[in-house]
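data25.tsv (TSV, C-alpha atoms) appears below.
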```
chain	number	residue	atom	x	y	z
N	1147	MET	CA	0.00	0.00	0.00
N	1148	PHE	CA	2.83	2.40	0.85
N	1149	THR	CA	6.52	2.83	0.07
N	1150	ILE	CA	8.21	4.10	3.21
N	1151	THR	CA	11.96	4.42	3.56
N	1152	LEU	CA	14.10	5.54	6.46
N	1153	PRO	CA	15.58	9.03	6.10
N	1154	SER	CA	19.11	8.96	4.75
N	1155	SER	CA	21.72	8.94	7.52
N	1156	ALA	CA	24.56	9.95	5.18
N	1157	ASN	CA	24.85	13.41	6.73
N	1158	GLN	CA	23.95	12.46	10.30
N	1159	ASP	CA	27.45	13.25	11.59
N	1160	ALA	CA	27.34	16.70	10.00
N	1161	ILE	CA	23.91	17.36	11.51
N	1162	GLN	CA	25.11	16.29	14.94
N	1163	HIS	CA	28.26	18.39	14.59
N	1164	LYS	CA	26.17	21.45	13.71
N	1165	ILE	CA	24.03	20.92	16.83
N	1166	ASN	CA	27.01	20.22	19.08
N	1167	THR	CA	28.96	23.35	18.03
N	1168	LYS	CA	26.16	25.82	18.78
N	1169	THR	CA	26.91	28.28	21.57
N	1170	LYS	CA	25.73	26.08	24.43
N	1171	PRO	CA	27.03	23.28	26.59
N	1172	LEU	CA	26.89	19.91	24.84
N	1173	GLY	CA	23.39	18.45	25.00
N	1174	SER	CA	22.03	21.33	27.06
N	1175	LEU	CA	18.92	21.82	24.92
N	1176	GLY	CA	17.85	18.28	25.74
N	1177	GLN	CA	14.96	16.93	23.68
N	1178	LEU	CA	14.99	19.99	21.42
N	1179	GLU	CA	18.32	18.74	20.09
N	1180	ASN	CA	16.79	15.35	19.34
N	1181	ILE	CA	13.87	16.99	17.56
N	1182	ALA	CA	16.17	19.19	15.49
N	1183	GLU	CA	18.25	16.18	14.48
N	1184	GLN	CA	15.15	14.16	13.58
N	1185	ILE	CA	13.70	16.95	11.42
N	1186	ALA	CA	17.09	17.58	9.79
N	1187	LEU	CA	17.28	13.91	8.83
N	1188	ILE	CA	13.73	13.97	7.49
N	1189	GLN	CA	14.12	17.18	5.48
N	1190	GLN	CA	17.73	16.77	4.35
N	1191	ASN	CA	18.09	20.55	4.05
N	1192	GLU	CA	20.59	23.01	5.48
N	1193	LYS	CA	17.67	25.04	6.89
N	1194	LEU	CA	14.77	23.41	8.66
N	1195	SER	CA	11.26	24.63	7.97
N	1196	ILE	CA	7.73	24.04	9.20
N	1197	GLU	CA	5.47	24.82	6.25
N	1198	GLN	CA	1.70	25.23	6.64
N	1199	PRO	CA	1.31	22.89	9.63
N	1200	TYR	CA	-2.01	21.10	9.56
N	1201	MET	CA	-4.20	19.46	12.20
N	1202	LEU	CA	-6.48	16.72	10.91
N	1203	VAL	CA	-9.17	15.70	13.40
N	1204	PHE	CA	-10.83	12.40	12.47
N	1205	ALA	CA	-14.25	11.70	14.00
N	1206	ALA	CA	-16.26	8.47	14.15
N	1207	ASP	CA	-18.67	6.59	16.38
N	1208	HIS	CA	-18.23	3.20	18.02
N	1209	GLY	CA	-20.81	0.47	18.45
N	1210	ILE	CA	-19.46	-0.53	21.85
N	1211	ALA	CA	-20.39	2.93	23.20
N	1212	ALA	CA	-24.07	1.89	23.20
N	1213	HIS	CA	-23.34	0.08	26.49
N	1214	GLY	CA	-22.87	3.41	28.29
N	1215	ILE	CA	-19.18	2.97	29.10
N	1216	SER	CA	-18.28	6.63	28.53
N	1217	ILE	CA	-19.11	9.76	30.50
N	1218	ALA	CA	-21.08	11.07	27.52
N	1219	PRO	CA	-23.69	9.56	25.18
N	1220	GLN	CA	-22.82	8.85	21.54
N	1221	ALA	CA	-24.64	12.00	20.41
N	1222	VAL	CA	-21.72	13.99	21.81
N	1223	THR	CA	-19.50	12.90	18.91
N	1224	GLN	CA	-21.82	14.72	16.51
N	1225	GLN	CA	-22.17	17.67	18.88
N	1226	MET	CA	-18.42	18.03	19.26
N	1227	VAL	CA	-17.92	17.87	15.49
N	1228	ALA	CA	-20.33	20.81	15.26
N	1229	ASN	CA	-18.32	22.56	17.97
N	1230	PHE	CA	-15.09	22.00	16.01
N	1231	LEU	CA	-16.69	23.43	12.88
N	1232	HIS	CA	-17.86	26.51	14.80
N	1233	GLY	CA	-14.39	27.01	16.29
N	1234	GLY	CA	-15.37	26.48	19.92
N	1235	ALA	CA	-13.33	23.48	21.08
N	1236	ALA	CA	-9.96	23.33	22.82
N	1237	ILE	CA	-8.29	22.15	19.64
N	1238	ASN	CA	-9.62	25.18	17.77
N	1239	CYS	CA	-8.16	27.48	20.42
N	1240	PHE	CA	-4.76	25.79	20.32
N	1241	CYS	CA	-4.61	25.68	16.52
N	1242	ARG	CA	-5.51	29.37	16.30
N	1243	SER	CA	-2.96	30.38	18.92
N	1244	ASN	CA	-0.23	28.36	17.17
N	1245	ASP	CA	-1.04	29.36	13.59
N	1246	MET	CA	-2.05	25.85	12.59
N	1247	ALA	CA	-4.66	25.06	9.95
N	1248	MET	CA	-7.34	22.57	10.89
N	1249	MET	CA	-9.66	20.18	9.07
N	1250	VAL	CA	-12.31	17.87	10.54
N	1251	ILE	CA	-12.84	14.52	8.83
N	1252	ASP	CA	-16.10	12.62	9.21
N	1253	ALA	CA	-14.76	9.07	9.14
N	1254	GLY	CA	-18.10	7.59	10.16
N	1255	ILE	CA	-20.15	9.33	12.85
N	1256	LEU	CA	-23.72	8.19	13.48
N	1257	VAL	CA	-25.42	11.20	11.86
N	1258	GLU	CA	-23.85	12.77	8.79
N	1259	PRO	CA	-23.13	16.46	9.45
N	1260	ASP	CA	-24.05	19.28	7.10
N	1261	ASP	CA	-21.44	20.44	4.61
N	1262	HIS	CA	-18.90	22.94	5.92
N	1263	PRO	CA	-15.67	24.42	4.52
N	1264	MET	CA	-13.67	22.84	7.39
N	1265	LEU	CA	-15.29	19.42	6.97
N	1266	LEU	CA	-14.10	16.56	4.79
N	1267	LYS	CA	-16.59	13.70	4.49
N	1268	GLN	CA	-14.91	10.31	4.26
N	1269	ARG	CA	-17.63	8.22	5.83
N	1270	ILE	CA	-17.15	4.47	5.97
N	1271	ALA	CA	-20.47	3.80	7.75
N	1272	ALA	CA	-22.60	5.30	10.52
N	1273	GLY	CA	-20.26	4.07	13.25
N	1274	THR	CA	-18.60	0.71	13.78
N	1275	LEU	CA	-20.38	-2.36	15.06
N	1276	ASP	CA	-20.09	-3.47	18.69
N	1277	PHE	CA	-16.78	-5.33	18.81
N	1278	SER	CA	-17.75	-7.13	22.02
N	1279	GLN	CA	-20.30	-9.02	19.90
N	1280	GLN	CA	-18.87	-9.07	16.36
N	1281	ASN	CA	-16.17	-7.54	14.17
N	1282	ALA	CA	-16.11	-3.76	14.40
N	1283	MET	CA	-15.87	-3.53	10.61
N	1284	SER	CA	-15.19	-5.62	7.54
N	1285	ARG	CA	-11.67	-6.08	6.21
N	1286	GLU	CA	-12.69	-4.13	3.13
N	1287	GLN	CA	-13.88	-1.23	5.31
N	1288	ALA	CA	-10.57	-1.25	7.22
N	1289	ILE	CA	-8.57	-1.07	3.99
N	1290	THR	CA	-10.83	1.64	2.57
N	1291	ALA	CA	-10.45	3.66	5.78
N	1292	ILE	CA	-6.66	3.45	5.54
N	1293	GLU	CA	-6.85	4.64	1.92
N	1294	TYR	CA	-9.18	7.52	2.87
N	1295	GLY	CA	-6.83	8.67	5.61
N	1296	ALA	CA	-3.93	8.59	3.17
N	1297	ASN	CA	-5.91	10.70	0.71
N	1298	ALA	CA	-6.67	13.32	3.37
N	1299	VAL	CA	-2.97	13.70	4.12
N	1300	ASN	CA	-2.00	13.74	0.48
N	1301	ASN	CA	-4.44	16.61	-0.10
N	1302	VAL	CA	-2.70	18.86	2.43
N	1303	TYR	CA	0.74	17.68	1.25
N	1304	GLN	CA	-0.12	18.83	-2.26
N	1305	GLN	CA	-0.96	22.25	-0.79
N	1306	GLY	CA	2.58	22.58	0.60
N	1307	THR	CA	2.19	21.17	4.11
N	1308	ASN	CA	5.29	19.41	5.48
N	1309	LEU	CA	4.06	18.79	9.06
N	1310	VAL	CA	0.77	17.11	9.89
N	1311	ALA	CA	-0.81	16.37	13.26
N	1312	PHE	CA	-3.58	13.90	14.03
N	1313	GLY	CA	-6.48	14.43	16.39
N	1314	GLU	CA	-9.61	12.37	16.97
N	1315	MET	CA	-13.13	12.49	18.33
N	1316	GLY	CA	-15.33	9.49	19.00
N	1317	ILE	CA	-17.26	8.51	22.10
N	1318	GLY	CA	-16.02	5.03	23.05
N	1319	ASN	CA	-12.74	5.21	21.19
N	1320	THR	CA	-10.59	4.53	24.26
N	1321	SER	CA	-12.19	1.06	24.27
N	1322	SER	CA	-10.94	0.40	20.73
N	1323	ALA	CA	-7.52	1.85	21.54
N	1324	THR	CA	-7.28	-0.30	24.68
N	1325	ALA	CA	-8.15	-3.44	22.72
N	1326	ILE	CA	-5.58	-2.56	20.05
N	1327	MET	CA	-2.93	-1.99	22.72
N	1328	ALA	CA	-3.71	-5.25	24.53
N	1329	SER	CA	-3.55	-7.17	21.27
N	1330	ILE	CA	-0.23	-5.71	20.07
N	1331	LEU	CA	1.50	-5.81	23.45
N	1332	ASN	CA	-0.07	-9.12	24.50
N	1333	LEU	CA	-1.01	-7.67	27.86
N	1334	PRO	CA	-4.00	-8.37	30.12
N	1335	ILE	CA	-6.76	-5.77	29.91
N	1336	ASP	CA	-6.29	-4.54	33.48
N	1337	GLU	CA	-2.80	-3.36	32.51
N	1338	CYS	CA	-4.15	-1.38	29.54
N	1339	ILE	CA	-7.53	-0.02	30.51
N	1340	GLY	CA	-8.20	3.45	31.86
N	1341	ARG	CA	-11.07	5.76	32.70
N	1342	GLY	CA	-11.08	7.64	29.40
N	1343	THR	CA	-12.48	11.07	30.09
N	1344	GLY	CA	-13.54	10.11	33.61
N	1345	ILE	CA	-15.90	7.15	33.98
N	1346	ASP	CA	-16.89	5.78	37.40
N	1347	ASP	CA	-15.98	2.39	38.90
N	1348	GLN	CA	-19.15	0.66	37.65
N	1349	GLN	CA	-18.60	1.88	34.08
N	1350	LEU	CA	-14.93	0.90	34.26
N	1351	SER	CA	-15.85	-2.62	35.35
N	1352	LEU	CA	-18.33	-2.97	32.49
N	1353	LYS	CA	-15.82	-1.51	30.02
N	1354	GLU	CA	-13.21	-4.06	31.10
N	1355	GLN	CA	-15.74	-6.90	30.83
N	1356	LEU	CA	-16.81	-5.87	27.31
N	1357	ILE	CA	-13.28	-5.38	25.97
N	1358	THR	CA	-12.22	-8.73	27.44
N	1359	GLN	CA	-15.24	-10.37	25.84
N	1360	GLY	CA	-14.34	-8.81	22.49
N	1361	LEU	CA	-10.70	-9.84	22.66
N	1362	ASN	CA	-11.60	-13.39	23.62
N	1363	ARG	CA	-14.03	-13.53	20.72
N	1364	HIS	CA	-11.54	-12.22	18.14
N	1365	GLN	CA	-8.19	-13.39	19.51
N	1366	ALA	CA	-7.60	-16.11	16.92
N	1367	SER	CA	-8.27	-13.79	13.98
N	1368	MET	CA	-6.15	-10.81	15.13
N	1369	VAL	CA	-2.95	-11.82	13.37
N	1370	ASP	CA	-1.91	-8.54	11.72
N	1371	PRO	CA	-2.73	-4.81	11.91
N	1372	ILE	CA	-5.53	-4.99	9.34
N	1373	SER	CA	-7.22	-7.86	11.16
N	1374	ILE	CA	-6.82	-6.03	14.49
N	1375	LEU	CA	-8.56	-2.98	12.99
N	1376	THR	CA	-11.23	-5.23	11.53
N	1377	ALA	CA	-11.91	-6.90	14.87
N	1378	VAL	CA	-11.72	-4.03	17.38
N	1379	GLY	CA	-10.80	-0.81	15.57
N	1380	GLY	CA	-12.54	2.46	14.86
N	1381	PHE	CA	-13.02	4.19	11.54
N	1382	GLU	CA	-11.17	7.28	12.81
N	1383	ILE	CA	-8.29	5.14	14.09
N	1384	ALA	CA	-8.01	3.31	10.77
N	1385	GLN	CA	-8.01	6.58	8.82
N	1386	ILE	CA	-5.34	7.99	11.13
N	1387	VAL	CA	-3.20	4.89	10.44
N	1388	GLY	CA	-3.48	5.57	6.72
N	1389	GLY	CA	-2.77	9.26	7.20
N	1390	MET	CA	0.34	8.59	9.28
N	1391	LEU	CA	1.67	6.12	6.72
N	1392	LYS	CA	1.07	8.46	3.77
N	1393	ALA	CA	2.77	11.29	5.68
N	1394	ALA	CA	5.79	9.05	6.28
N	1395	GLU	CA	5.82	8.06	2.61
N	1396	ASN	CA	5.79	11.78	1.74
N	1397	LYS	CA	8.61	12.41	4.23
N	1398	MET	CA	6.51	14.77	6.33
N	1399	VAL	CA	6.92	15.40	10.04
N	1400	VAL	CA	4.13	13.59	11.91
N	1401	LEU	CA	2.87	14.79	15.30
N	1402	VAL	CA	1.40	11.96	17.36
N	1403	ASP	CA	-1.06	13.06	20.05
N	1404	GLY	CA	-2.30	10.95	22.95
N	1405	PHE	CA	-3.70	7.51	23.70
N	1406	ILE	CA	-5.91	7.07	20.63
N	1407	ALA	CA	-3.41	8.53	18.16
N	1408	THR	CA	-0.64	6.42	19.68
N	1409	ALA	CA	-2.74	3.28	19.18
N	1410	ALA	CA	-2.92	4.26	15.51
N	1411	ALA	CA	0.85	4.88	15.51
N	1412	MET	CA	1.46	1.42	16.97
N	1413	LEU	CA	-0.52	-0.14	14.14
N	1414	ALA	CA	1.29	2.01	11.56
N	1415	VAL	CA	4.69	0.96	12.92
N	1416	GLU	CA	3.61	-2.70	12.98
N	1417	MET	CA	2.81	-2.36	9.27
N	1418	TYR	CA	5.84	-0.27	8.29
N	1419	PRO	CA	8.55	-0.02	10.98
N	1420	ALA	CA	10.38	2.74	9.05
N	1421	ALA	CA	7.39	5.06	9.55
N	1422	LYS	CA	8.41	5.70	13.15
N	1423	ALA	CA	11.38	7.80	12.00
N	1424	TYR	CA	8.89	10.49	10.96
N	1425	PHE	CA	6.87	10.48	14.21
N	1426	ILE	CA	7.27	13.01	17.00
N	1427	PHE	CA	5.43	11.89	20.13
N	1428	CYS	CA	3.95	14.99	21.65
N	1429	HIS	CA	2.75	14.20	25.16
N	1430	CYS	CA	2.11	11.52	27.72
N	1431	SER	CA	-1.60	11.26	28.43
N	1432	GLN	CA	-3.14	10.62	31.81
N	1433	GLU	CA	-4.85	7.57	30.29
N	1434	ALA	CA	-3.50	4.58	32.18
N	1435	GLY	CA	-1.96	2.62	29.30
N	1436	HIS	CA	-0.35	5.45	27.37
N	1437	GLN	CA	3.06	5.27	29.04
N	1438	ARG	CA	3.26	1.56	28.23
N	1439	MET	CA	2.49	2.34	24.58
N	1440	LEU	CA	5.24	4.96	24.53
N	1441	ASN	CA	7.68	2.52	26.16
N	1442	HIS	CA	6.87	-0.07	23.49
N	1443	LEU	CA	7.64	2.49	20.78
N	1444	ASP	CA	10.79	3.68	22.62
N	1445	ALA	CA	9.28	7.17	22.48
N	1446	SER	CA	10.12	10.15	24.69
N	1447	PRO	CA	7.14	12.52	24.59
N	1448	LEU	CA	7.75	16.26	24.62
N	1449	LEU	CA	5.10	17.18	27.17
N	1450	SER	CA	3.54	15.76	30.32
N	1451	LEU	CA	0.68	18.08	31.25
N	1452	GLY	CA	-1.89	15.64	32.61
N	1453	LEU	CA	-3.94	15.91	29.42
N	1454	ARG	CA	-6.70	13.42	28.68
N	1455	LEU	CA	-8.86	15.25	26.14
N	1456	GLY	CA	-7.71	13.97	22.76
N	1457	GLU	CA	-8.74	16.09	19.76
N	1458	GLY	CA	-5.03	16.54	18.93
N	1459	THR	CA	-4.60	19.04	21.75
N	1460	GLY	CA	-1.22	17.74	22.91
N	1461	ALA	CA	0.08	17.79	19.35
N	1462	ALA	CA	-1.00	21.39	18.80
N	1463	LEU	CA	0.58	22.43	22.11
N	1464	SER	CA	3.89	20.87	21.08
N	1465	LEU	CA	4.17	22.86	17.86
N	1466	PRO	CA	5.92	25.89	19.46
N	1467	LEU	CA	8.60	23.55	20.83
N	1468	ILE	CA	9.13	22.03	17.38
N	1469	ARG	CA	9.37	25.49	15.83
N	1470	SER	CA	11.88	26.42	18.53
N	1471	ALA	CA	13.99	23.35	17.73
N	1472	CYS	CA	14.08	24.42	14.08
N	1473	ALA	CA	14.93	28.01	15.08
N	1474	PHE	CA	17.96	27.13	17.17
N	1475	TYR	CA	19.21	24.76	14.47
N	1476	ASN	CA	18.85	27.43	11.80
N	1477	ASP	CA	19.80	30.63	13.61
N	1478	MET	CA	21.83	29.95	16.75
N	1479	ALA	CA	25.47	30.93	16.29
N	1480	SER	CA	28.26	28.40	16.47
N	1481	PHE	CA	31.16	28.97	18.82
N	1482	GLU	CA	33.28	29.91	15.85
N	1483	GLN	CA	30.72	32.39	14.46
N	1484	ALA	CA	30.26	34.05	17.87
N	1485	GLY	CA	33.94	34.12	18.69
N	1486	VAL	CA	33.31	32.18	21.86
N	1487	THR	CA	36.13	29.95	23.02
N	1488	VAL	CA	35.61	26.96	25.27
```
Do you think you could lay out the structure here as structure tokens?
Amino acid sequence: MFTITLPSSANQDAIQHKINTKTKPLGSLGQLENIAEQIALIQQNEKLSIEQPYMLVFAADHGIAAHGISIAPQAVTQQMVANFLHGGAAINCFCRSNDMAMMVIDAGILVEPDDHPMLLKQRIAAGTLDFSQQNAMSREQAITAIEYGANAVNNVYQQGTNLVAFGEMGIGNTSSATAIMASILNLPIDECIGRGTGIDDQQLSLKEQLITQGLNRHQASMVDPISILTAVGGFEIAQIVGGMLKAAENKMVVLVDGFIATAAAMLAVEMYPAAKAYFIFCHCSQEAGHQRMLNHLDASPLLSLGLRLGEGTGAALSLPLIRSACAFYNDMASFEQAGVTV
């Protein structure tokens, strides 16, 4: 489906030398140095640039949410999509304050929204099926969703975007992400599950029971990323997987948000390990399993702010740090240029 290659490492020593000879103690800019090196390897240019950064927020509904295992009813997915389109959500605020364009993608919410300039309709169906009882989607739907996500990214790439971030909205999607995590990491559910946006003990117990039931039902068939998506995935998660992979193929910088987006990133890396070289992991969510996901991916997130909202908020908040990494790489004087002796 994709052709993804690792960035060339031919000039890695020169990149590292440029970072090391800036007017600062060696390694003193910490993770910003790692980010600068990663972007320099991706872009293979003397000057780093962030061009027309774009936030893509994929929204879809989940059949398992009908059991009432979230703090909000399924109708809130549709309501929050309307809020995004009217500019009233946290992600809108953060994109505006960080000069980041934003598009909302209907990957398959229950009720199709009205047309809007900020909305891209890529509906697979009116929500997934209840994965505790049956496959969440067909294999054909999973593949189509991946292709749709790739198309969304390619559209912004053709407009000149070289950095893309992924957000999501979908009541019940932490259940899908938890099932994906448990399947890939081969961990028991109680080591993966969390409270999402804040469910109570009774809802948490039911959520664990339903996810366990789904995994037991589908365990034998979940042999690769496509079959995992088919069994327990979400349409927004599948489209994010496709978007991440197309961005890596296009050698774009990819900002990975929280628990849901990281579940998509895990699937993407399972499919194409080289894709990870293009991923910047933006924050560590408060969702219980997120740190384990990050450990699995050997990822050091930029932020730890106790976020648990999704929407791409952590990715948008990380953009100033990424711009700052590019700025020091491009503009900070070397010891030689500044006449500083050490």
I need the residue nearest N:Phe1481 from this list: N:Ile1161, N:Thr1167, N:Gly1318, N:Gln1365. Use all atoms listed in the file for the distance. N:Thr1167
I'd like the box whose edges run along x, y and z of the file and which contains every listed atom of stretch 1363-1371 of chain N, padded by 3 Å per side; could you state its centre and edge lengths in Å, one decimal, as JSON?
```
{"center_x": -8.0, "center_y": -10.5, "center_z": 16.2, "size_x": 18.1, "size_y": 17.3, "size_z": 15.0}
```
Calculate how many Å separate atom CA of N:Pro1153 from atom CA of N:Gly1306, rounding to one decimal. 19.6 Å
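The list of residues within 12 Å of (5.1, 26.8, 18.9), counted using only C-alpha atoms, is Ile1196, Pro1199, Phe1240, Cys1241, Arg1242, Ser1243, Asn1244, Asp1245, Met1246, Gly1460, Ala1461, Ala1462, Leu1463, Ser1464, Leu1465, Pro1466, Leu1467, Ile1468, Arg1469, Ser1470, Ala1471, Cys1472 and Ala1473 of chain N.
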Just to be explicit: take each residue in the selection above, keep C-alpha atoms, and write the result as a short mmCIF file (atom, residue, chain, number, x, y, z; two decimals), keeping the file's coordinate frame.
```
data_model
loop_
_atom_site.label_atom_id
_atom_site.label_comp_id
_atom_site.auth_asym_id
_atom_site.auth_seq_id
_atom_site.Cartn_x
_atom_site.Cartn_y
_atom_site.Cartn_z
CA ILE N 1196 7.73 24.04 9.20
CA PRO N 1199 1.31 22.89 9.63
CA PHE N 1240 -4.76 25.79 20.32
CA CYS N 1241 -4.61 25.68 16.52
CA ARG N 1242 -5.51 29.37 16.30
CA SER N 1243 -2.96 30.38 18.92
CA ASN N 1244 -0.23 28.36 17.17
CA ASP N 1245 -1.04 29.36 13.59
CA MET N 1246 -2.05 25.85 12.59
CA GLY N 1460 -1.22 17.74 22.91
CA ALA N 1461 0.08 17.79 19.35
CA ALA N 1462 -1.00 21.39 18.80
CA LEU N 1463 0.58 22.43 22.11
CA SER N 1464 3.89 20.87 21.08
CA LEU N 1465 4.17 22.86 17.86
CA PRO N 1466 5.92 25.89 19.46
CA LEU N 1467 8.60 23.55 20.83
CA ILE N 1468 9.13 22.03 17.38
CA ARG N 1469 9.37 25.49 15.83
CA SER N 1470 11.88 26.42 18.53
CA ALA N 1471 13.99 23.35 17.73
CA CYS N 1472 14.08 24.42 14.08
CA ALA N 1473 14.93 28.01 15.08
#
```
Taking a cut-off of 8 Å and counting all atoms listed in the file, can you build a table that, for each residue of stretch 1171-1227 of chain N near stretch 1256-1268 of chain N, reports the nearest atom pair and how far apart they are in Å (one decimal), sorted by chain then residue number, as a tab-separated table?
```
residue	atom	partner	partner_atom	distance
N:Ala1206	CA	N:Leu1256	CA	7.5
N:Asp1207	CA	N:Leu1256	CA	6.0
N:Ala1221	CA	N:Leu1256	CA	8.0
N:Gln1224	CA	N:Val1257	CA	6.9
```
Can I get the selected residues back with C-alpha atoms, as a compact mmCIF listing (two decimals), in the coordinates of the input?
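Okay, part29.txt is ready:
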```txt
# COMPACT_ATOMS: atom_id res chain seq x y z
CA ALA N 1206 -16.26 8.47 14.15
CA ASP N 1207 -18.67 6.59 16.38
CA ALA N 1221 -24.64 12.00 20.41
CA GLN N 1224 -21.82 14.72 16.51
```
I want to know what sits within 8 Å of stretch 1372-1387 of chain N, based on all atoms listed in the file, with residues of the same chain fewer than 6 positions away left out; could you give that as a count of residues only? 46
Can you work out which one of N:Thr1408, N:Ser1278, N:Gln1437, N:Gln1189 has the shortest atom-to-atom distance to N:Gly1456, counting all atoms listed in the file?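 Under the stated criterion, the closest residue is N:Thr1408.
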Mind giving me the straight-line distance from atom CA of N:Arg1363 to atom CA of N:Val1415 in Å, one decimal? 24.9 Å
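Applying the 12 Å criterion to (3.5, -9.0, 20.6) in file coordinates and using all atoms listed in the file, one obtains the residues Ile1326, Met1327, Ala1328, Ser1329, Ile1330, Leu1331, Asn1332, Leu1333, Met1368, Val1369, Asp1370, Pro1371, Met1412, Leu1413, Glu1416 and His1442 of chain N.
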Please, could you write that set of residues out with C-alpha atoms as a PDB file, keeping the file's coordinate frame?
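That gives us again38.pdb:
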```
ATOM      1  CA  ILE N1326      -5.580  -2.560  20.050  1.00  0.00           C
ATOM      2  CA  MET N1327      -2.930  -1.990  22.720  1.00  0.00           C
ATOM      3  CA  ALA N1328      -3.710  -5.250  24.530  1.00  0.00           C
ATOM      4  CA  SER N1329      -3.550  -7.170  21.270  1.00  0.00           C
ATOM      5  CA  ILE N1330      -0.230  -5.710  20.070  1.00  0.00           C
ATOM      6  CA  LEU N1331       1.500  -5.810  23.450  1.00  0.00           C
ATOM      7  CA  ASN N1332      -0.070  -9.120  24.500  1.00  0.00           C
ATOM      8  CA  LEU N1333      -1.010  -7.670  27.860  1.00  0.00           C
ATOM      9  CA  MET N1368      -6.150 -10.810  15.130  1.00  0.00           C
ATOM     10  CA  VAL N1369      -2.950 -11.820  13.370  1.00  0.00           C
ATOM     11  CA  ASP N1370      -1.910  -8.540  11.720  1.00  0.00           C
ATOM     12  CA  PRO N1371      -2.730  -4.810  11.910  1.00  0.00           C
ATOM     13  CA  MET N1412       1.460   1.420  16.970  1.00  0.00           C
ATOM     14  CA  LEU N1413      -0.520  -0.140  14.140  1.00  0.00           C
ATOM     15  CA  GLU N1416       3.610  -2.700  12.980  1.00  0.00           C
ATOM     16  CA  HIS N1442       6.870  -0.070  23.490  1.00  0.00           C
TER      17      HIS N1442
END
```
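Taking atom CA of N:Ala1218 and atom CA of N:Asp1336 as endpoints, the distance between them is 22.3 Å.
Ranking N:Cys1239, N:Ala1186, N:Ala1434, N:Met1226 by their shortest atom-to-atom distance to N:Gly1404, with only C-alpha atoms included, puts N:Ala1434 first.
Here the question is which of N:Thr1151, N:Gln1432, N:Asn1157, N:Gln1359 gets nearest to N:Leu1187 using only C-alpha atoms, and that residue is N:Asn1157.
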Surrounding residues of N:Glu1197 excluding itself and chain neighbours under 6 positions, 8 Å, only C-alpha atoms, as an MDAnalysis selection string: chainID N and resid 1306:1309
Kindly indicate which residue among N:Gln1190, N:Phe1405, N:Leu1350, N:Gly1388 lies nearest to N:Thr1324, using all atoms listed in the file for the distances. N:Phe1405
